[in-house]
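Pasted below: final33.cif, mmCIF, C-alpha atoms.
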data_entry
#
loop_
_atom_site.label_atom_id
_atom_site.label_comp_id
_atom_site.auth_asym_id
_atom_site.auth_seq_id
_atom_site.Cartn_x
_atom_site.Cartn_y
_atom_site.Cartn_z
CA MET A 1 34.00 9.24 -2.53
CA ALA A 2 37.42 10.52 -1.63
CA LYS A 3 37.37 9.69 2.06
CA SER A 4 36.98 6.28 3.60
CA GLU A 5 34.00 5.49 5.78
CA SER A 6 35.89 5.95 9.06
CA GLU A 7 37.23 9.41 8.10
CA LEU A 8 33.79 10.85 7.30
CA THR A 9 32.16 13.23 9.76
CA TRP A 10 28.79 14.94 9.88
CA LYS A 11 30.34 17.90 8.02
CA ASP A 12 30.64 15.76 4.90
CA LEU A 13 26.91 15.13 4.73
CA GLU A 14 24.99 16.83 1.94
CA ILE A 15 21.80 18.71 2.72
CA GLY A 16 18.94 16.22 3.01
CA CYS A 17 21.48 13.38 3.37
CA ILE A 18 21.67 13.08 -0.41
CA VAL A 19 24.20 10.57 -1.68
CA THR A 20 25.73 12.13 -4.79
CA GLU A 21 27.71 9.19 -6.09
CA PRO A 22 25.60 6.39 -7.61
CA GLY A 23 26.55 2.84 -6.71
CA SER A 24 29.09 3.94 -4.10
CA ALA A 25 28.37 0.79 -2.09
CA ARG A 26 30.80 -0.96 -4.41
CA GLN A 27 33.53 0.20 -2.02
CA TYR A 28 32.00 -1.77 0.82
CA GLU A 29 33.52 -5.20 1.29
CA THR A 30 30.82 -7.76 1.97
CA GLY A 31 33.16 -10.66 1.25
CA ALA A 32 34.28 -10.54 4.88
CA TRP A 33 30.91 -12.04 5.94
CA ARG A 34 31.63 -15.29 4.15
CA SER A 35 31.94 -18.61 5.96
CA GLN A 36 32.02 -20.77 2.84
CA ARG A 37 33.67 -20.00 -0.46
CA PRO A 38 32.84 -21.32 -3.96
CA THR A 39 35.56 -23.28 -5.72
CA TYR A 40 35.43 -23.92 -9.43
CA ASP A 41 36.24 -26.81 -11.76
CA PHE A 42 36.21 -24.87 -15.02
CA SER A 43 36.75 -27.97 -17.18
CA LYS A 44 33.02 -28.72 -16.66
CA CYS A 45 31.80 -25.16 -17.27
CA ILE A 46 29.44 -24.72 -20.23
CA LYS A 47 29.50 -20.90 -19.87
CA CYS A 48 25.72 -20.66 -19.55
CA GLY A 49 25.74 -17.90 -16.93
CA ILE A 50 23.06 -19.37 -14.66
CA CYS A 51 25.28 -18.58 -11.63
CA GLN A 52 25.44 -14.98 -12.75
CA LEU A 53 21.66 -14.86 -13.09
CA TYR A 54 20.84 -16.30 -9.66
CA CYS A 55 23.49 -14.47 -7.60
CA PRO A 56 21.76 -12.14 -5.09
CA GLU A 57 24.87 -9.97 -4.92
CA GLY A 58 25.33 -9.61 -8.65
CA CYS A 59 29.01 -10.26 -8.09
CA VAL A 60 29.52 -13.04 -10.65
CA GLU A 61 31.42 -11.83 -13.70
CA GLN A 62 32.60 -13.38 -16.94
CA ASN A 63 36.38 -13.32 -17.21
CA GLU A 64 38.63 -13.32 -20.32
CA ASP A 65 38.28 -17.08 -20.80
CA GLY A 66 34.50 -16.73 -20.97
CA VAL A 67 33.87 -18.61 -17.73
CA PHE A 68 31.88 -17.13 -14.88
CA GLU A 69 33.53 -16.51 -11.53
CA ALA A 70 32.40 -14.76 -8.35
CA ASN A 71 34.18 -11.63 -7.21
CA MET A 72 35.48 -12.55 -3.76
CA PHE A 73 35.36 -8.93 -2.61
CA TYR A 74 31.53 -9.15 -2.56
CA CYS A 75 30.70 -12.89 -2.44
CA LYS A 76 28.89 -13.72 0.82
CA GLY A 77 29.05 -17.46 0.21
CA CYS A 78 25.35 -18.30 0.15
CA GLY A 79 25.86 -21.31 -2.13
CA ILE A 80 22.95 -20.62 -4.49
CA CYS A 81 25.27 -20.81 -7.53
CA ALA A 82 26.62 -24.19 -6.39
CA LYS A 83 23.06 -25.57 -6.10
CA GLU A 84 21.79 -24.11 -9.37
CA CYS A 85 24.79 -24.87 -11.61
CA TRP A 86 23.66 -27.37 -14.27
CA THR A 87 26.99 -29.18 -14.57
CA ARG A 88 28.12 -28.97 -10.92
CA VAL A 89 31.15 -26.80 -11.64
CA ILE A 90 30.95 -25.11 -8.25
CA THR A 91 31.48 -26.72 -4.86
CA MET A 92 31.36 -24.85 -1.58
CA VAL A 93 34.27 -25.31 0.83
CA GLU A 94 34.76 -23.94 4.32
CA GLU A 95 36.51 -20.61 4.46
CA GLU A 96 39.78 -21.21 6.25
CA GLU A 97 41.62 -18.77 8.40
CA LYS A 98 44.40 -16.97 6.64
CA MET B 1 11.88 -24.59 -22.47
CA GLU B 2 14.19 -26.31 -20.01
CA LYS B 3 16.90 -26.72 -22.64
CA TYR B 4 16.33 -23.24 -23.96
CA ALA B 5 16.84 -21.84 -20.47
CA VAL B 6 20.35 -23.29 -20.32
CA TYR B 7 21.83 -20.80 -22.76
CA VAL B 8 19.57 -17.81 -22.26
CA PRO B 9 21.04 -16.47 -18.99
CA ARG B 10 24.16 -15.16 -20.70
CA LEU B 11 22.06 -13.00 -23.01
CA ILE B 12 20.68 -11.05 -20.06
CA LYS B 13 21.87 -7.48 -19.61
CA ARG B 14 25.03 -7.43 -17.48
CA LYS B 15 24.77 -3.90 -16.21
CA GLU B 16 23.52 -3.74 -12.63
CA LYS B 17 21.25 -1.01 -11.30
CA PHE B 18 21.45 -2.62 -7.87
CA ALA B 19 25.21 -2.73 -7.36
CA PRO B 20 27.09 -5.31 -5.28
CA GLY B 21 28.19 -4.19 -1.85
CA HIS B 22 24.69 -4.00 -0.40
CA ARG B 23 24.21 -5.36 3.10
CA ALA B 24 21.44 -7.88 2.56
CA CYS B 25 21.67 -11.14 4.51
CA ILE B 26 23.56 -14.04 2.98
CA GLY B 27 21.41 -15.60 0.26
CA CYS B 28 18.74 -12.88 0.27
CA GLY B 29 15.95 -13.74 -2.15
CA GLU B 30 14.62 -10.21 -2.06
CA ALA B 31 17.96 -8.74 -3.20
CA LEU B 32 17.91 -11.26 -6.04
CA ALA B 33 14.36 -10.29 -6.97
CA VAL B 34 15.18 -6.56 -6.91
CA ARG B 35 18.28 -7.12 -9.02
CA LEU B 36 16.34 -9.09 -11.63
CA ALA B 37 13.36 -6.72 -11.65
CA PHE B 38 15.53 -3.67 -12.28
CA LYS B 39 17.39 -5.43 -15.07
CA ALA B 40 14.12 -5.46 -16.97
CA LEU B 41 13.75 -1.67 -16.72
CA ASP B 42 15.65 1.00 -18.62
CA ASN B 43 17.50 3.95 -17.07
CA ASN B 44 14.65 6.41 -17.46
CA ILE B 45 13.12 5.71 -14.04
CA VAL B 46 12.67 7.23 -10.60
CA VAL B 47 12.37 4.87 -7.66
CA ALA B 48 10.35 5.54 -4.51
CA ASN B 49 11.30 2.94 -1.93
CA ALA B 50 9.36 2.33 1.27
CA THR B 51 11.06 1.55 4.54
CA GLY B 52 11.92 -2.09 4.70
CA CYS B 53 14.75 -4.52 4.06
CA MET B 54 15.65 -3.14 0.65
CA GLU B 55 15.83 0.43 1.89
CA ILE B 56 17.96 -0.49 4.88
CA VAL B 57 20.46 -2.68 3.04
CA ALA B 58 20.82 -0.46 -0.02
CA SER B 59 21.24 3.00 1.41
CA GLN B 60 23.48 3.00 4.45
CA ILE B 61 24.83 6.52 4.42
CA PRO B 62 27.42 7.42 3.03
CA TYR B 63 26.92 4.61 0.53
CA THR B 64 24.17 3.78 -1.90
CA THR B 65 23.66 0.66 -3.97
CA TRP B 66 21.45 2.35 -6.53
CA HIS B 67 22.48 3.52 -9.97
CA VAL B 68 19.14 5.25 -10.60
CA PRO B 69 17.42 8.24 -8.93
CA TRP B 70 16.05 6.86 -5.70
CA ILE B 71 14.08 8.33 -2.81
CA HIS B 72 13.37 6.82 0.57
CA THR B 73 9.79 7.17 1.75
CA LEU B 74 7.95 6.05 4.84
CA PHE B 75 6.03 2.82 5.12
CA GLU B 76 2.64 4.42 4.61
CA ASN B 77 3.18 6.83 1.74
CA THR B 78 5.20 5.05 -0.96
CA ALA B 79 2.37 5.11 -3.47
CA ALA B 80 1.55 8.71 -2.53
CA VAL B 81 5.16 9.81 -3.13
CA ALA B 82 5.26 7.92 -6.42
CA SER B 83 2.05 9.57 -7.60
CA GLY B 84 3.45 12.94 -6.50
CA ILE B 85 6.59 12.42 -8.59
CA GLU B 86 4.48 11.45 -11.59
CA ALA B 87 2.19 14.47 -11.15
CA GLY B 88 5.25 16.70 -10.70
CA TYR B 89 6.72 15.61 -14.04
CA LYS B 90 3.37 16.23 -15.71
CA ALA B 91 3.09 19.73 -14.22
CA MET B 92 6.66 20.62 -15.22
CA LYS B 93 6.02 19.49 -18.77
CA ARG B 94 2.84 21.57 -18.90
CA LYS B 95 4.77 24.64 -17.76
CA GLY B 96 7.33 24.12 -20.48
CA VAL B 97 10.24 23.02 -18.27
CA GLN B 98 12.72 20.75 -20.04
CA VAL B 99 12.26 17.30 -18.52
CA PRO B 100 13.11 13.94 -20.05
CA ASP B 101 10.20 12.20 -21.78
CA ASN B 102 8.51 9.02 -20.57
CA VAL B 103 10.00 8.94 -17.10
CA LYS B 104 8.54 5.89 -15.39
CA VAL B 105 7.97 6.06 -11.67
CA ILE B 106 8.62 2.84 -9.80
CA ALA B 107 7.31 2.39 -6.27
CA MET B 108 8.66 -0.56 -4.34
CA ALA B 109 7.86 -1.86 -0.90
CA GLY B 110 7.85 -5.01 1.14
CA ASP B 111 4.75 -6.95 2.10
CA GLY B 112 4.27 -4.93 5.30
CA GLY B 113 4.58 -1.65 3.45
CA THR B 114 2.08 -2.88 0.88
CA SER B 115 -0.56 -4.99 2.51
CA ASP B 116 -0.58 -3.51 6.03
CA ILE B 117 0.70 0.03 6.39
CA GLY B 118 0.79 1.38 2.85
CA LEU B 119 -2.49 -0.11 1.68
CA GLN B 120 -4.64 3.02 1.75
CA ALA B 121 -2.07 5.14 -0.10
CA LEU B 122 -1.67 2.36 -2.66
CA SER B 123 -5.41 2.00 -3.08
CA GLY B 124 -5.73 5.75 -3.62
CA ALA B 125 -2.94 5.86 -6.19
CA LEU B 126 -4.36 2.88 -8.10
CA GLU B 127 -7.82 4.42 -8.09
CA ARG B 128 -6.56 7.81 -9.35
CA GLY B 129 -4.85 6.02 -12.23
CA HIS B 130 -1.35 7.46 -11.95
CA ASP B 131 1.13 6.17 -14.49
CA PHE B 132 3.41 4.16 -12.22
CA VAL B 133 4.53 0.63 -11.45
CA TYR B 134 4.20 -0.74 -7.94
CA LEU B 135 6.51 -3.63 -7.07
CA CYS B 136 5.73 -5.53 -3.89
CA PHE B 137 8.58 -7.73 -2.69
CA ASP B 138 6.80 -10.19 -0.46
CA ASN B 139 8.94 -12.08 2.05
CA GLU B 140 5.93 -12.86 4.20
CA ALA B 141 6.75 -10.99 7.44
CA TYR B 142 8.50 -7.89 8.77
CA MET B 143 11.95 -9.41 8.29
CA ASN B 144 13.93 -6.20 8.63
CA THR B 145 12.93 -5.59 12.25
CA GLY B 146 13.37 -9.23 13.24
CA VAL B 147 10.56 -11.36 11.83
CA GLN B 148 7.23 -10.02 13.08
CA ARG B 149 3.99 -11.22 11.54
CA SER B 150 2.35 -9.18 8.80
CA SER B 151 -0.96 -9.77 7.05
CA ALA B 152 0.98 -11.49 4.26
CA THR B 153 2.35 -14.16 6.61
CA PRO B 154 0.90 -17.56 5.66
CA TYR B 155 -1.22 -19.65 8.00
CA GLY B 156 0.76 -21.64 10.55
CA ALA B 157 4.08 -19.81 10.12
CA VAL B 158 6.14 -19.03 13.19
CA THR B 159 7.26 -15.44 13.67
CA THR B 160 8.39 -13.70 16.83
CA THR B 161 4.91 -12.20 17.32
CA SER B 162 3.06 -15.38 16.39
CA PRO B 163 5.04 -18.07 18.19
CA ALA B 164 3.98 -21.71 18.11
CA GLY B 165 3.28 -23.52 21.34
CA LYS B 166 0.65 -25.43 23.25
CA ASN B 167 -2.09 -22.90 22.62
CA SER B 168 -1.00 -21.50 19.30
CA ILE B 169 -0.12 -22.92 15.90
CA GLY B 170 1.79 -19.83 14.83
CA GLN B 171 0.16 -17.37 12.44
CA PHE B 172 -3.59 -17.71 12.98
CA SER B 173 -4.93 -16.09 9.82
CA TRP B 174 -4.59 -16.81 6.12
CA LYS B 175 -2.33 -14.80 3.86
CA LYS B 176 -3.96 -11.61 2.59
CA ASN B 177 -4.55 -11.93 -1.13
CA MET B 178 -2.89 -8.69 -2.17
CA PRO B 179 -2.80 -9.20 -5.97
CA GLU B 180 -6.58 -9.75 -5.94
CA ILE B 181 -7.07 -6.52 -3.98
CA ALA B 182 -5.00 -4.69 -6.60
CA ALA B 183 -6.94 -6.40 -9.40
CA ALA B 184 -10.20 -5.31 -7.79
CA HIS B 185 -9.23 -1.69 -8.59
CA ASN B 186 -9.67 -2.57 -12.28
CA ILE B 187 -6.17 -1.38 -13.16
CA PRO B 188 -4.60 -2.29 -16.52
CA TYR B 189 -2.04 -4.77 -15.24
CA VAL B 190 -1.60 -6.99 -12.18
CA ALA B 191 0.85 -9.88 -12.02
CA THR B 192 2.50 -12.23 -9.56
CA ALA B 193 6.08 -13.35 -10.04
CA CYS B 194 8.88 -15.15 -8.23
CA HIS B 195 12.64 -14.77 -8.46
CA SER B 196 12.98 -18.51 -9.14
CA TYR B 197 11.43 -17.87 -12.57
CA PRO B 198 13.70 -14.99 -13.62
CA PHE B 199 12.59 -14.67 -17.26
CA ASP B 200 8.95 -14.66 -16.27
CA LEU B 201 9.69 -12.00 -13.62
CA MET B 202 11.62 -9.80 -16.05
CA ASP B 203 8.90 -10.14 -18.71
CA LYS B 204 6.23 -9.11 -16.25
CA VAL B 205 8.12 -6.11 -14.88
CA ALA B 206 8.97 -4.93 -18.42
CA LYS B 207 5.33 -5.36 -19.44
CA ALA B 208 4.14 -3.46 -16.35
CA ALA B 209 6.46 -0.58 -17.21
CA SER B 210 5.36 -0.49 -20.85
CA ILE B 211 1.65 -0.19 -20.01
CA PRO B 212 0.37 3.36 -19.43
CA GLY B 213 -1.51 3.64 -16.16
CA PRO B 214 -0.98 1.91 -12.83
CA ALA B 215 0.48 -1.58 -12.74
CA TYR B 216 1.05 -3.84 -9.77
CA VAL B 217 3.52 -6.73 -9.60
CA HIS B 218 3.60 -8.96 -6.53
CA ILE B 219 6.94 -10.76 -6.24
CA LEU B 220 7.45 -13.61 -3.79
CA SER B 221 10.98 -13.37 -2.42
CA VAL B 222 12.30 -16.12 -0.21
CA CYS B 223 13.93 -14.99 3.04
CA PRO B 224 16.22 -17.66 4.48
CA THR B 225 16.63 -15.69 7.72
CA GLY B 226 12.95 -15.46 8.53
CA TRP B 227 11.81 -18.68 6.91
CA ARG B 228 14.49 -20.57 8.84
CA SER B 229 15.84 -22.39 5.80
CA PRO B 230 19.39 -22.93 4.47
CA THR B 231 20.67 -20.10 2.28
CA ASP B 232 21.31 -22.26 -0.76
CA THR B 233 17.67 -23.45 -1.01
CA VAL B 234 16.35 -19.96 -1.84
CA VAL B 235 15.71 -20.62 -5.52
CA LYS B 236 14.42 -24.11 -4.86
CA LEU B 237 11.89 -22.88 -2.28
CA GLY B 238 10.57 -20.28 -4.71
CA ARG B 239 10.08 -22.98 -7.30
CA LEU B 240 8.32 -25.25 -4.79
CA ALA B 241 5.98 -22.41 -3.73
CA VAL B 242 4.84 -22.16 -7.33
CA GLU B 243 4.71 -25.88 -8.06
CA THR B 244 2.67 -26.66 -4.94
CA GLY B 245 0.14 -23.95 -5.83
CA ILE B 246 0.81 -21.94 -2.68
CA PHE B 247 1.96 -18.97 -4.75
CA PRO B 248 0.46 -19.35 -8.24
CA LEU B 249 1.97 -17.25 -11.04
CA TYR B 250 -0.63 -15.39 -13.06
CA GLU B 251 -1.28 -12.05 -14.67
CA VAL B 252 -4.44 -9.99 -14.96
CA GLU B 253 -4.48 -7.78 -18.02
CA ASN B 254 -7.51 -5.49 -18.17
CA GLY B 255 -9.48 -7.92 -16.01
CA GLN B 256 -8.44 -10.92 -18.08
CA TYR B 257 -6.82 -13.66 -15.97
CA LYS B 258 -4.03 -15.73 -17.46
CA MET B 259 -1.98 -18.43 -15.76
CA SER B 260 1.74 -18.04 -16.48
CA ILE B 261 2.63 -21.68 -15.89
CA GLU B 262 0.35 -24.61 -16.66
CA LEU B 263 0.71 -27.15 -13.85
CA PRO B 264 -0.97 -30.45 -14.75
CA LYS B 265 -0.77 -31.61 -11.13
CA LEU B 266 0.11 -29.71 -7.98
CA LYS B 267 2.86 -31.07 -5.77
CA PRO B 268 1.82 -31.78 -2.15
CA VAL B 269 2.32 -28.72 0.07
CA LYS B 270 4.21 -30.88 2.53
CA ASP B 271 7.25 -30.79 0.19
CA TYR B 272 7.34 -27.03 0.57
CA LEU B 273 6.43 -26.73 4.26
CA LYS B 274 8.87 -29.31 5.55
CA GLN B 275 11.86 -27.48 4.06
CA GLN B 276 11.33 -24.51 6.33
CA GLY B 277 11.93 -24.12 10.05
CA ARG B 278 8.95 -21.80 10.44
CA PHE B 279 6.52 -24.66 9.57
CA ARG B 280 8.43 -27.31 11.51
CA HIS B 281 5.78 -27.70 14.22
CA LEU B 282 2.80 -28.31 11.89
CA SER B 283 0.94 -31.56 12.43
CA ASP B 284 -0.48 -33.66 9.60
CA ASP B 285 -4.08 -32.49 10.05
CA ILE B 286 -3.06 -28.82 9.79
CA ILE B 287 -1.01 -29.61 6.68
CA ALA B 288 -4.11 -31.33 5.25
CA LYS B 289 -6.13 -28.19 6.04
CA ILE B 290 -3.55 -26.01 4.24
CA GLN B 291 -3.53 -28.44 1.29
CA GLU B 292 -7.31 -28.22 1.00
CA ARG B 293 -7.32 -24.42 1.09
CA VAL B 294 -4.47 -24.17 -1.46
CA GLU B 295 -6.31 -26.45 -3.88
CA ILE B 296 -9.55 -24.48 -3.57
CA GLU B 297 -7.79 -21.16 -4.14
CA TYR B 298 -5.80 -22.56 -7.08
CA GLN B 299 -8.94 -24.00 -8.65
CA LYS B 300 -10.68 -20.63 -8.34
CA LEU B 301 -7.83 -18.99 -10.24
CA VAL B 302 -7.78 -21.63 -12.97
CA GLU B 303 -11.53 -21.19 -13.46
CA LYS B 304 -11.14 -17.43 -13.73
CA ALA B 305 -8.39 -17.90 -16.33
CA GLU B 306 -10.50 -20.42 -18.30
CA ASN B 307 -13.59 -18.21 -18.25
CA GLY B 308 -11.48 -15.29 -19.35
CA SER B 309 -10.01 -17.12 -22.33
CA LYS B 310 -13.50 -18.39 -23.35
CA ARG B 311 -14.87 -14.86 -23.17
CA ALA B 312 -11.96 -13.56 -25.26
CA LYS B 313 -12.61 -16.24 -27.90
CA ARG B 314 -16.32 -15.43 -28.04
CA LYS B 315 -15.52 -11.74 -28.36
CA SER B 316 -13.03 -12.29 -31.18
CA LYS B 317 -15.55 -14.57 -32.96
CA THR B 318 -18.37 -12.04 -32.81
CA GLY B 319 -15.88 -9.34 -33.79
CA ALA B 320 -14.79 -11.37 -36.81
CA ALA B 321 -18.43 -12.08 -37.73
CA LYS B 322 -19.24 -8.39 -37.67
CA ILE B 323 -16.38 -7.61 -40.00
CA SER B 324 -17.36 -10.39 -42.44
CA THR B 325 -21.02 -9.32 -42.69
#
Since I need it in another form, could you write the structure as structure tokens?
Amino acid sequence: MAKSESELTWKDLEIGCIVTEPGSARQYETGAWRSQRPTYDFSKCIKCGICQLYCPEGCVEQNEDGVFEANMFYCKGCGICAKECWTRVITMVEEEEK
Amino acid sequence: MEKYAVYVPRLIKRKEKFAPGHRACIGCGEALAVRLAFKALDNNIVVANATGCMEIVASQIPYTTWHVPWIHTLFENTAAVASGIEAGYKAMKRKGVQVPDNVKVIAMAGDGGTSDIGLQALSGALERGHDFVYLCFDNEAYMNTGVQRSSATPYGAVTTTSPAGKNSIGQFSWKKNMPEIAAAHNIPYVATACHSYPFDLMDKVAKAASIPGPAYVHILSVCPTGWRSPTDTVVKLGRLAVETGIFPLYEVENGQYKMSIELPKLKPVKDYLKQQGRFRHLSDDIIAKIQERVEIEYQKLVEKAENGSKRAKRKSKTGAAKIST
């Protein structure tokens, strides 16, 4: 989608309100909802991917080192990954004001 | 199995059909269940989605979360739209129009759209034997509009339309047994699943899609907003619902019951109820009443599964005898 959400008008709607671009919600930042953020101690990580499996957002990705980390653009800070992690890699801390 | 499960998650497909950026509440169990269920399916699908949480959070115009063809339907006609899509593909094929082969139609709805409003359309579609999969994501009330009771709300739960007080204990009726209603249509495949058992859920959805004819999968999805529980206990609550016998996992294949998890002993329901704000007001005698009911229902299921396996054995024995003589 070329335009941002605020620039769109009713003229940009397709007939039948069809959305032509699949997965366009990726542009929407849900990370702003967060009140707690996950912090990682990667020395304990066994790279099992259980956090990736149980994330409701589907925002946990494996990076170049092979460890799994949440994408902060989407992470809403629910804390499921911190509870489910086998080796307690993840701890939730309060989101501080920038 | 426990040890095996440690290293399996990373073998799961990474590609998402339900992209991040959706507007589900923090720690939404239903979003998790949808994500997992659609990982088990291939790309050759069309989704008909009833009104409900998953429609609202996934398709706020101008955005969509879906990576597959998706249509929004009303509460009452999800199964009707799904059967229409399936019939449409059949008709186009008959007329010689080039359409992709083996397109699977997936209908999905919440518990309100399934067990209250959409029930007659679903019953009709199951009875006509359309080749589709119906996924019911059951969060046990109308969560999207602000927690109103549905027929899938369990006994004693507080919702805004079944408040607890001096003269009321919350929801006054027992949860409608939707999987049994689906199984009563004698369809090829009925299963219950929960997002806390992701491999089981994915297996069941994949199996449902591979079977020709109608299939119904009932998926319990924990809703921290409506169940008044902390967001990080979502997976734990799903597990407790299964371990206490409140939501037993089973599948019915051609009328044959099979328990998915063998539980030698059920945990007390109190463990599950006391974790949630919606059951906070329940007194011990009501918890005892729920415990009794849960045990009876669970026992019924176990007996059905045992009888089924005995019958299957007898059948295979007589079948083998016939071949030998």
Have a look at CA of Val99 in chain B and CA of Ile61 in chain B and let me know their distance in Å, one decimal. 28.3 Å
May I have the residues within 8 Å of Lys176 in chain B as a PyMOL selection string, using all atoms listed in the file and disregarding those fewer than 6 positions away in the same chain? chain B and resi 115+151-153
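Distance-wise, CA of Gly277 in chain B and CA of Ala58 in chain B end up 27.2 Å apart.
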Please identify every residue of chain A that has at least one atom no more than 9 Å from any atom of chain B, counting only C-alpha atoms, and report them as number ranges by chain. A: 1, 5, 8, 13, 17-31, 33-34, 46-59, 61, 73-84, 86
I'd like the residues picked by the PyMOL selection byres ((chain B and resi 167-172) around 10) written out as number ranges by chain, using the chain letters and numbers from the file. B: 149-151, 153-166, 173-175, 278-279, 281-283, 286
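The space separating CA of Ile211 in chain B from CA of Gln120 in chain B comes to 22.9 Å.
When the distance limit is 8 Å and only C-alpha atoms are what count, the residues near Thr91 in chain A, minus those fewer than 5 positions from it on the same chain, are A:Pro38, A:Thr39, A:Tyr40, A:Ala82.
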File of the preceding selection, C-alpha atoms, as a PDB file, in the frame of the given file:
ATOM      1  CA  PRO A  38      32.840 -21.320  -3.960  1.00  0.00           C
ATOM      2  CA  THR A  39      35.560 -23.280  -5.720  1.00  0.00           C
ATOM      3  CA  TYR A  40      35.430 -23.920  -9.430  1.00  0.00           C
ATOM      4  CA  ALA A  82      26.620 -24.190  -6.390  1.00  0.00           C
TER       5      ALA A  82
END
Select, counting only C-alpha atoms, all protein, DNA and RNA residues no farther than 10 Å from (5.2, -13.8, -14.5) in file coordinates, and express the selection as a PyMOL selection string. chain B and resi 190-195+197-205+207+217-219+248-251+258-261
Residue selection dump (C-alpha atoms) as a PDB file, in the frame of the given file:
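As a result, part.pdb now contains:
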ATOM      1  CA  VAL B 190      -1.600  -6.990 -12.180  1.00  0.00           C
ATOM      2  CA  ALA B 191       0.850  -9.880 -12.020  1.00  0.00           C
ATOM      3  CA  THR B 192       2.500 -12.230  -9.560  1.00  0.00           C
ATOM      4  CA  ALA B 193       6.080 -13.350 -10.040  1.00  0.00           C
ATOM      5  CA  CYS B 194       8.880 -15.150  -8.230  1.00  0.00           C
ATOM      6  CA  HIS B 195      12.640 -14.770  -8.460  1.00  0.00           C
ATOM      7  CA  TYR B 197      11.430 -17.870 -12.570  1.00  0.00           C
ATOM      8  CA  PRO B 198      13.700 -14.990 -13.620  1.00  0.00           C
ATOM      9  CA  PHE B 199      12.590 -14.670 -17.260  1.00  0.00           C
ATOM     10  CA  ASP B 200       8.950 -14.660 -16.270  1.00  0.00           C
ATOM     11  CA  LEU B 201       9.690 -12.000 -13.620  1.00  0.00           C
ATOM     12  CA  MET B 202      11.620  -9.800 -16.050  1.00  0.00           C
ATOM     13  CA  ASP B 203       8.900 -10.140 -18.710  1.00  0.00           C
ATOM     14  CA  LYS B 204       6.230  -9.110 -16.250  1.00  0.00           C
ATOM     15  CA  VAL B 205       8.120  -6.110 -14.880  1.00  0.00           C
ATOM     16  CA  LYS B 207       5.330  -5.360 -19.440  1.00  0.00           C
ATOM     17  CA  VAL B 217       3.520  -6.730  -9.600  1.00  0.00           C
ATOM     18  CA  HIS B 218       3.600  -8.960  -6.530  1.00  0.00           C
ATOM     19  CA  ILE B 219       6.940 -10.760  -6.240  1.00  0.00           C
ATOM     20  CA  PRO B 248       0.460 -19.350  -8.240  1.00  0.00           C
ATOM     21  CA  LEU B 249       1.970 -17.250 -11.040  1.00  0.00           C
ATOM     22  CA  TYR B 250      -0.630 -15.390 -13.060  1.00  0.00           C
ATOM     23  CA  GLU B 251      -1.280 -12.050 -14.670  1.00  0.00           C
ATOM     24  CA  LYS B 258      -4.030 -15.730 -17.460  1.00  0.00           C
ATOM     25  CA  MET B 259      -1.980 -18.430 -15.760  1.00  0.00           C
ATOM     26  CA  SER B 260       1.740 -18.040 -16.480  1.00  0.00           C
ATOM     27  CA  ILE B 261       2.630 -21.680 -15.890  1.00  0.00           C
TER      28      ILE B 261
END
Any chance you could resolve the PyMOL selection byres ((chain B and resi 147) around 6) against this file and give the residues as an mmCIF file with C-alpha atoms, in the frame of the given file?
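result31.cif, freshly written:
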data_model
loop_
_atom_site.group_PDB
_atom_site.id
_atom_site.type_symbol
_atom_site.label_atom_id
_atom_site.label_comp_id
_atom_site.auth_asym_id
_atom_site.auth_seq_id
_atom_site.Cartn_x
_atom_site.Cartn_y
_atom_site.Cartn_z
ATOM 1 C CA ALA B 141 6.750 -10.990 7.440
ATOM 2 C CA TYR B 142 8.500 -7.890 8.770
ATOM 3 C CA MET B 143 11.950 -9.410 8.290
ATOM 4 C CA GLY B 146 13.370 -9.230 13.240
ATOM 5 C CA GLN B 148 7.230 -10.020 13.080
ATOM 6 C CA THR B 159 7.260 -15.440 13.670
ATOM 7 C CA THR B 160 8.390 -13.700 16.830
ATOM 8 C CA GLY B 226 12.950 -15.460 8.530
#
